[in-house]
Each structure stands twice: as structure tokens, then as C-alpha cells.
Amino acid sequence: MEKIAIETEFIKLDALLKYASLVGTGGEAKYVIGEGLVRVNGEVCTMRGKKIRPGDTVTFDRFELEVVQA
């Protein structure tokens with residue numbers, strides 16, 4: 001599991017995927033989230049604006065991220 005540090009209170013799911021370089025564009029993030037390919041805390045999430053906070057885990061493809069406070 002890779003740790004991703006954020007300096008803000010939260011980051012939106014689509015922005016996190018771009019920030020972690022799991023997708024190349026916002027359009028790609030929108031697609032993979034909309035198709036149900038992303039899990040937040042073990043549950044499929046189709047809301048690209050979902051607020052991800054420190055302590056949350058995000059899984060996409062073979063990558064698992066843990067969000068931590070910087």
C-alpha cells in the first residue's frame with residue numbers, strides 16, 4: 001500500500017487519482033470512476049467529487065493508496 005500525503009483537509013477522488021498519477025487526465029478519472037473501477041474504503045465509488053480524507057484508502061487497478069495528512 002502506497003501512502004499519499006495531502007496538506008488539505010480533503011481531496012476529491014478524481015483529483016487524487018491524477019495527483020497519484022494513476023490516470024493521466026480528468027476525463028480518464030471521470031471514466032474509471034463512472035465505470036465503477038475505483039473503491040474507497042473497500043466499497044465501489046462512482047462519485048468523482050467524493051471527498052477523500054486522511055485515513056481513507058483508495059483502490060484502483062492493482063494500486064492501493066492510503067491518504068495521510070502531510
# chains A, B, ... in the order shown; residues from 1 in each chain; ligands from 1

$ residues_around --residues "Phe60 (chain A)" --least-positions-apart "5" --cutoff "7 Å" --atoms "only C-alpha atoms" --output "PyMOL selection string"
chain A and resi 37-39

$ residues_around --residues "Ala29 (chain A)" --least-positions-apart "3" --cutoff "12 Å" --atoms "only C-alpha atoms" --output "list in words"
Lys12, Leu13, Asp14, Ala15, Leu16, Leu17, Lys18, Tyr19, Ala20, Ser21, Leu22, Val23, Gly24, Thr25, Gly26, Val32, Ile33, Gly34, Glu35, Gly36, Leu37, Val38, Thr46, Met47, Arg48, Gly49 and Phe60 of chain A

$ select_by_dssp --residues "chain A" --states "strand (DSSP E)" --output "MDAnalysis selection string"
chainID A and resid 2:6 11:12 38:40 43:44 51:52 57:60 63:69

$ closest_residue --among "A:Met1, A:Lys30, A:Val40, A:Thr8" --to "Asp56 (chain A)" --atoms "only C-alpha atoms"
A:Val40

$ atom_distance --atom1 "CA of Glu7 (chain A)" --atom2 "CA of Arg62 (chain A)"
25.2 Å

$ residues_around --residues "Thr57 (chain A)" --least-positions-apart "6" --cutoff "8 Å" --atoms "only C-alpha atoms" --output "ChimeraX atom specification"
/A:40-42,64-67

$ select_by_dssp --residues "chain A" --states "helix (DSSP H, G or I)" --output "list in words"
Leu13, Asp14, Ala15, Leu16, Leu17, Lys18, Tyr19, Gly26, Gly27, Glu28, Ala29, Lys30, Tyr31, Val32, Ile33 and Gly34 of chain A

$ closest_residue --among "A:Tyr31, A:Pro54, A:Thr59, A:Val44" --to "Ile4 (chain A)" --atoms "only C-alpha atoms"
A:Pro54

$ closest_residue --among "A:Glu28, A:Glu2, A:Glu43, A:Gly55" --to "Val68 (chain A)" --atoms "only C-alpha atoms"
A:Gly55

$ decode --residues "region 24-35 of chain A" --atoms "all heavy atoms" --output "compact mmCIF listing (two decimals), in the first residue's frame"
# COMPACT_ATOMS: atom_id res chain seq x y z
N GLY A 24 -4.08 9.83 -16.37
CA GLY A 24 -3.38 10.94 -16.99
C GLY A 24 -4.18 12.22 -17.08
O GLY A 24 -3.61 13.31 -17.08
N THR A 25 -5.50 12.09 -17.16
CA THR A 25 -6.34 13.27 -17.37
C THR A 25 -7.59 13.21 -16.50
O THR A 25 -7.96 12.14 -15.99
CB THR A 25 -6.81 13.38 -18.84
OG1 THR A 25 -7.65 12.26 -19.11
CG2 THR A 25 -5.63 13.40 -19.80
N GLY A 26 -8.25 14.34 -16.37
CA GLY A 26 -9.51 14.39 -15.65
C GLY A 26 -10.57 13.55 -16.34
O GLY A 26 -11.41 12.92 -15.68
N GLY A 27 -10.55 13.53 -17.66
CA GLY A 27 -11.51 12.72 -18.41
C GLY A 27 -11.33 11.24 -18.13
O GLY A 27 -12.31 10.49 -18.02
N GLU A 28 -10.09 10.82 -18.03
CA GLU A 28 -9.82 9.42 -17.72
C GLU A 28 -10.28 9.09 -16.30
O GLU A 28 -10.87 8.03 -16.06
CB GLU A 28 -8.32 9.13 -17.88
CG GLU A 28 -7.97 7.67 -17.75
CD GLU A 28 -6.49 7.37 -17.93
OE1 GLU A 28 -5.73 8.27 -18.36
OE2 GLU A 28 -6.11 6.23 -17.64
N ALA A 29 -10.05 10.02 -15.38
CA ALA A 29 -10.51 9.82 -14.00
C ALA A 29 -12.04 9.69 -13.97
O ALA A 29 -12.58 8.80 -13.31
CB ALA A 29 -10.06 10.98 -13.11
N LYS A 30 -12.72 10.57 -14.68
CA LYS A 30 -14.18 10.53 -14.74
C LYS A 30 -14.65 9.18 -15.28
O LYS A 30 -15.60 8.59 -14.75
CB LYS A 30 -14.68 11.66 -15.64
CG LYS A 30 -16.17 11.71 -15.80
CD LYS A 30 -16.57 12.87 -16.71
CE LYS A 30 -18.06 12.89 -16.96
NZ LYS A 30 -18.47 13.98 -17.83
N TYR A 31 -14.00 8.67 -16.29
CA TYR A 31 -14.37 7.40 -16.90
C TYR A 31 -14.21 6.23 -15.93
O TYR A 31 -15.14 5.45 -15.73
CB TYR A 31 -13.56 7.15 -18.17
CG TYR A 31 -13.84 5.79 -18.78
CD1 TYR A 31 -14.99 5.58 -19.53
CD2 TYR A 31 -12.98 4.73 -18.58
CE1 TYR A 31 -15.28 4.32 -20.06
CE2 TYR A 31 -13.25 3.47 -19.10
CZ TYR A 31 -14.40 3.28 -19.84
OH TYR A 31 -14.68 2.04 -20.35
N VAL A 32 -13.02 6.10 -15.33
CA VAL A 32 -12.77 4.94 -14.47
C VAL A 32 -13.65 4.97 -13.22
O VAL A 32 -14.11 3.93 -12.75
CB VAL A 32 -11.28 4.76 -14.11
CG1 VAL A 32 -10.44 4.54 -15.36
CG2 VAL A 32 -10.74 5.90 -13.28
N ILE A 33 -13.92 6.17 -12.70
CA ILE A 33 -14.81 6.28 -11.54
C ILE A 33 -16.24 5.93 -11.95
O ILE A 33 -16.92 5.16 -11.28
CB ILE A 33 -14.73 7.70 -10.93
CG1 ILE A 33 -13.33 7.94 -10.34
CG2 ILE A 33 -15.79 7.88 -9.85
CD1 ILE A 33 -13.04 9.39 -9.99
N GLY A 34 -16.69 6.48 -13.06
CA GLY A 34 -18.04 6.22 -13.54
C GLY A 34 -18.30 4.77 -13.88
O GLY A 34 -19.42 4.28 -13.75
N GLU A 35 -17.26 4.05 -14.30
CA GLU A 35 -17.39 2.64 -14.64
C GLU A 35 -17.33 1.73 -13.41
O GLU A 35 -17.42 0.51 -13.53
CB GLU A 35 -16.29 2.23 -15.63
CG GLU A 35 -16.46 2.82 -17.01
CD GLU A 35 -17.72 2.29 -17.71
OE1 GLU A 35 -17.89 1.07 -17.78
OE2 GLU A 35 -18.53 3.13 -18.16
